[in-house]
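Heads up: the structure comes next, in structure tokens.
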Amino acid sequence: MDIPMEIVYQRPESLTDTHTHYCPGCGHGIAHRLVAEALDELNMRERTILVAPVGCSVFAYDYFNVDGCVAAHGRAPAMATGMKRLLPDHIVLTYQGDGDLASIGIAEIMHAAARGEKITTIFVNNAIYGMTGGQMAPTTLPGQKTTSSPFGRNTDIAGYPIRMSEILAQLDGSVYVVRRSIHDVQNIRKTKKAILTALKVQEAGLGFSVVEILSNCPTNWGMTAEESLTWVEENMVPYYPLGDFKVRDDAKELV
Amino acid sequence: MAKEMLKGNVAIAEAAVRAGMEAYFGYPITPQTELLEHLSKRMVEEDRVFVQAESEVAAINMVYGAACTGKRVMTSSSSPGISLMQEGLSYIAGSYIPTVIVDVMRGGPGLGNILPSQGDYWQVTRMAGHGDYRPIVLAPASVQEAIDFTILAFDLAEKYRHIVVIAADGQIGQMMEPAELPVMRPPSTEVPHWALSGAKNRPPNVILSFNLNGADQEKVNIAIQERIALIKAKEQRWVEHYTEDADLLVVGYGTTGRIAFTAVETARENGLKVGLLRPQTLFPFPDDRISELTDNIKSCLVVEMNAGQMLDDVRLAVGGQVPVGYYGRMGGAVPMPEEILEAVEAEYAKLQGV
Ligand SMILES: Cc1ncc(C[n+]2csc(CCOP(=O)(O)OP(=O)(O)O)c2C)c(N)n1
Ligand code: SF4
């Protein structure tokens with residue numbers, strides 16, 4: 001009997017077939033796939049330039065089938081600024097972790113947003129420094145144990161987590177600022193939609209767009225992949241509420 | 001083009017525009033600020049990119065990103081800002097892309113002051129960033145040379161895919177003198193094969209300074225060193241005066257080289273056999289020529305506006321064959337020709353055994 005075959009799932013063209021080094025269950029892999037699908041759907045791959053960060057996703061340049069580079073830790077938005085200004089018709093993306101964006105690179109992201117750079121930032125917030133082995137990040141939750149807050153983040157000593165989306169939304173140069181999560185299928189779908197919108201905002205030349213993605217780090221959180229997703233939902237989402245912090249009027253039709 | 005009265009900073013800025021610079025990123029700092037201000041007007045007039053960055057850290061990383069497109073880009077600053085740029089410069093060096101930066105040196109350490117200095121000699125010729133690399137460093141001694149070296153800087157940066165530093169000092173940046181600007185060279189439309197321009201009809205291009213594999217990273221280092229060796233062999237530049245029969249060779253660059261010239265001329269008038277070598281490239285240092293001259297001279301005197309930094313390079317070139325004296329001023333003090341003349345006479349007197 002001939003069974004009609006149809007391809008319903010395959011690697012997006014915007015991803016290479018390189019095996020990633022991400023730990024099993026890590027949210028970076030999901031975020032990569034969503035970005036790649038969005039680039040494919042919007043037919044942007046051939047004119048996209050990706051600025052990879054320093055962090056676990058430092059290898060992103062190897063996984064995305066687009067022109068790419070690796071910035072110094074935290075400097076991706078500055079590097080992207082230089083590129084986009086010279087290549088205004090290209091799509092310039094930064095992909096950054098929370099240590100990269102909210103700690104060492106907070107000046108660069110704030111000013112890129114304030115200048116209204118026509119770039120898109122994919123901000124993967126996993127509340128920890130993954131690559132260096134699980135130290136406290138600026139986004140680490142109060143009480144959360146890490147290798148550099150072994151008794152749990154003590155806000156007397158280490159201060160409070162930073163809610164970047166809320167801050168970036170305050171800047172007049174930002175056009176589209178939303179927070180999503182990848183802890184379940186429904187939220188993954190919403191994240192994908194937000195990435196599509198962010199890229200369309202850039203394409204339309206409206207200004208700065210960023211999608212913050214709440215993600216997991218099962219390895220450094222010391223959890224199974226499944227436990228870590230529950231932890232995102234139960235601990236991160238309450239501290240970092242999901243939602244649209246800014247959709248400027250001229251971007252509304254792109255949502 | 002006719003000569004006109006030009007301030008050093010403005011001359012460098014305008015020369016960069018005429019060299020086809022397509023993007024400039026900078027942050028205000030005295031004594032370099034007129035450079036940025038001039039470009040804030042001219043780049044907009046030419047429909048090119050000007051961005052006042054939030055810091056020198058951001059400026060150099062904007063340059064890094066912009067240089068990845070293969071177009072001519074530049075930043076400028078003064079000493080404290082150059083300190084901040086060292087991170088970015090190290091990444092650029094590891095990425096094999098052309099970049100031009102201007103350092104209009106001022107008094108240090110710390111915030112120091114805004115007066116002329118050559119205290120960044122080590123910082124720019126050795127590079128204070130991490131890892132092994134040496135940029136090309138050009139040291140102008142006049143506004144005209146600042147213009148010519150700006151054009152040369154872009155050409156050399158592209159030729160070797162290397163960092164080129166124009167190491168001026170506050171004096172060169174701030175003074176006005178007649179000089180001639182070049183004609184406008186339109187930006188090149190060619191996209192180098194390595195540039196990031198979108199992976200259309202070709203595999204992706206990747207620019208990075210990163211390699212987790214030790215053996216591969218060593219290969220990157222070997223390639224960098226081979227390039228530097230080539231630069232050393234081909235690009236040493238200097239000017240000489242009265243060296244044919246000199247017993248004492250004075251070595252100075254930039255503003256001090258120029259002041260030393262006045263002192264050397266007076267010394268000659270007074271019958272002293274003194275010559276001058278003024279390095280135009282601080283890296284590659286003209287050590288081949290200095291070591292050649294060492295065969296005929298009896299002594300050397302280095303003059304700088306620092307505590308003796310190029311002094312190391314002269315000592316290396318001389319290789320212990322003749323004594324090397326030093327005269328310097330620091331912290332924004334500029335030596336007068338008479339002071340250098342005195343130092344020359346003192347050094348010369350040692351030769352006579354007086
Ligand atoms: C200037 C500098 N400081 C520190 C480091 C070390 N470092 C590498 S990755 C990293 C943290 C990355 O964390 P994050 O941005 O949250 O990304 P993740 O690995 O969690 O995805 C640090 C501190 C570095 N590479 N450069
Ligand atoms: S360390 Fe954490 S963030 Fe990094 S790949 Fe593993 S799970 Fe992902």
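Residues in the structure tokens are named by chain (A, B, ... in the order shown) and by number from 1 within that chain; ligands are numbered from 1 in the order shown.
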>> Give me, as a VMD selection string, all polymer residues having an atom no more than 8 Å from Val178 of chain A, counting only C-alpha atoms and skipping those fewer than 6 positions away in the same chain.
In response: chain A and resid 165 194 210 to 212 242 to 246
>> Could you work out which residues of chain A fall inside 10 Å of chain B? Count only C-alpha atoms, and format the result as a VMD selection string.
In response: chain A and resid 44 to 52 54 58 to 59 61 to 62 64 to 87 90 to 92 105 107 to 108 110 to 112 115
>> Quick one: residues within 10 Å of segment 333-335 of chain B, only C-alpha atoms, excluding same-chain residues fewer than 4 positions away - as a list in words?
In response: Gly107, Leu115, Pro116, Ser117, Gln118, Gln171, Thr255, Thr256, Ile259, Ala260, Val303, Glu304, Met305, Asn306, Tyr327, Gly328, Arg329, Glu339 and Ile340 of chain B
Okay, now the selection with C-alpha atoms, as an mmCIF file, in the first residue's frame?
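Output file result.cif follows:
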```cif
data_model
loop_
_atom_site.group_PDB
_atom_site.id
_atom_site.type_symbol
_atom_site.label_atom_id
_atom_site.label_comp_id
_atom_site.auth_asym_id
_atom_site.auth_seq_id
_atom_site.Cartn_x
_atom_site.Cartn_y
_atom_site.Cartn_z
ATOM 1 C CA GLY B 107 49.231 63.594 30.261
ATOM 2 C CA LEU B 115 48.314 68.601 27.798
ATOM 3 C CA PRO B 116 50.502 66.918 25.171
ATOM 4 C CA SER B 117 52.230 63.690 26.124
ATOM 5 C CA GLN B 118 53.751 60.582 24.612
ATOM 6 C CA GLN B 171 50.336 69.331 20.444
ATOM 7 C CA THR B 255 56.321 66.591 18.623
ATOM 8 C CA THR B 256 59.569 65.747 20.419
ATOM 9 C CA ILE B 259 61.628 69.975 18.672
ATOM 10 C CA ALA B 260 64.739 67.818 18.673
ATOM 11 C CA VAL B 303 64.034 62.274 23.697
ATOM 12 C CA GLU B 304 60.385 61.725 24.541
ATOM 13 C CA MET B 305 57.488 63.199 26.494
ATOM 14 C CA ASN B 306 57.335 60.332 28.949
ATOM 15 C CA TYR B 327 66.011 63.181 28.099
ATOM 16 C CA GLY B 328 62.281 63.421 28.755
ATOM 17 C CA ARG B 329 59.496 65.495 30.222
ATOM 18 C CA GLU B 339 66.518 71.904 27.007
ATOM 19 C CA ILE B 340 67.107 69.272 24.356
#
```
>> Show me which residues line ligand 1, defined as having an atom within 9 Å of a ligand atom where only C-alpha atoms and all ligand atoms count, and present them as a PyMOL selection string.
In response: (chain A and resi 28+53-58+72-74+96-104+124-139+216-217) or (chain B and resi 87)
>> I need the residues of segment 270-341 of chain B that end up classed as strand (DSSP E or B) by DSSP on the backbone, written out as a VMD selection string.
In response: chain B and resid 274 to 279 281 to 283 299 to 304 324 to 328
How would the residues just chosen look if you wrote them out with N, CA and C atoms as a JSON list (two decimals), in the first residue's frame?
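So out37.json came out as:
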```json
[["chain", "number", "residue", "atom", "x", "y", "z"],
["B", 274, "VAL", "N", 76.14, 65.99, 15.30],
["B", 274, "VAL", "CA", 74.92, 65.38, 15.85],
["B", 274, "VAL", "C", 73.94, 65.13, 14.71],
["B", 275, "GLY", "N", 73.29, 63.99, 14.74],
["B", 275, "GLY", "CA", 72.25, 63.68, 13.74],
["B", 275, "GLY", "C", 70.94, 63.36, 14.42],
["B", 276, "LEU", "N", 69.89, 63.29, 13.61],
["B", 276, "LEU", "CA", 68.56, 62.98, 14.16],
["B", 276, "LEU", "C", 67.89, 61.88, 13.35],
["B", 277, "LEU", "N", 67.32, 60.93, 14.05],
["B", 277, "LEU", "CA", 66.45, 59.96, 13.39],
["B", 277, "LEU", "C", 65.07, 60.09, 14.03],
["B", 278, "ARG", "N", 64.09, 60.37, 13.19],
["B", 278, "ARG", "CA", 62.72, 60.50, 13.70],
["B", 278, "ARG", "C", 61.88, 59.35, 13.16],
["B", 279, "PRO", "N", 61.57, 58.37, 14.02],
["B", 279, "PRO", "CA", 60.72, 57.26, 13.56],
["B", 279, "PRO", "C", 59.34, 57.80, 13.19],
["B", 281, "THR", "N", 57.12, 55.35, 11.93],
["B", 281, "THR", "CA", 56.38, 54.18, 12.42],
["B", 281, "THR", "C", 57.00, 53.80, 13.77],
["B", 282, "LEU", "N", 56.18, 53.83, 14.81],
["B", 282, "LEU", "CA", 56.67, 53.40, 16.13],
["B", 282, "LEU", "C", 56.61, 51.89, 16.21],
["B", 283, "PHE", "N", 55.65, 51.33, 15.48],
["B", 283, "PHE", "CA", 55.70, 49.91, 15.17],
["B", 283, "PHE", "C", 55.27, 49.75, 13.74],
["B", 299, "SER", "N", 77.36, 57.37, 20.20],
["B", 299, "SER", "CA", 76.42, 57.46, 21.31],
["B", 299, "SER", "C", 75.04, 57.84, 20.77],
["B", 300, "CYS", "N", 74.03, 57.63, 21.59],
["B", 300, "CYS", "CA", 72.65, 57.85, 21.20],
["B", 300, "CYS", "C", 71.94, 58.63, 22.30],
["B", 301, "LEU", "N", 71.00, 59.49, 21.91],
["B", 301, "LEU", "CA", 70.20, 60.19, 22.91],
["B", 301, "LEU", "C", 68.73, 60.10, 22.50],
["B", 302, "VAL", "N", 67.93, 59.57, 23.39],
["B", 302, "VAL", "CA", 66.50, 59.43, 23.12],
["B", 302, "VAL", "C", 65.76, 60.57, 23.81],
["B", 303, "VAL", "N", 64.86, 61.23, 23.07],
["B", 303, "VAL", "CA", 64.03, 62.27, 23.70],
["B", 303, "VAL", "C", 62.56, 61.94, 23.50],
["B", 304, "GLU", "N", 61.81, 62.04, 24.60],
["B", 304, "GLU", "CA", 60.38, 61.73, 24.54],
["B", 304, "GLU", "C", 59.64, 62.58, 25.56],
["B", 324, "VAL", "N", 73.27, 54.68, 25.46],
["B", 324, "VAL", "CA", 72.01, 55.33, 25.08],
["B", 324, "VAL", "C", 71.55, 56.22, 26.23],
["B", 325, "GLY", "N", 71.58, 57.54, 26.00],
["B", 325, "GLY", "CA", 71.13, 58.49, 27.02],
["B", 325, "GLY", "C", 69.66, 58.82, 26.83],
["B", 326, "TYR", "N", 69.11, 59.50, 27.82],
["B", 326, "TYR", "CA", 67.69, 59.82, 27.73],
["B", 326, "TYR", "C", 67.40, 61.21, 28.25],
["B", 327, "TYR", "N", 66.55, 61.94, 27.55],
["B", 327, "TYR", "CA", 66.01, 63.18, 28.10],
["B", 327, "TYR", "C", 64.51, 63.21, 27.86],
["B", 328, "GLY", "N", 63.74, 63.42, 28.92],
["B", 328, "GLY", "CA", 62.28, 63.42, 28.76],
["B", 328, "GLY", "C", 61.59, 64.35, 29.72]]
```
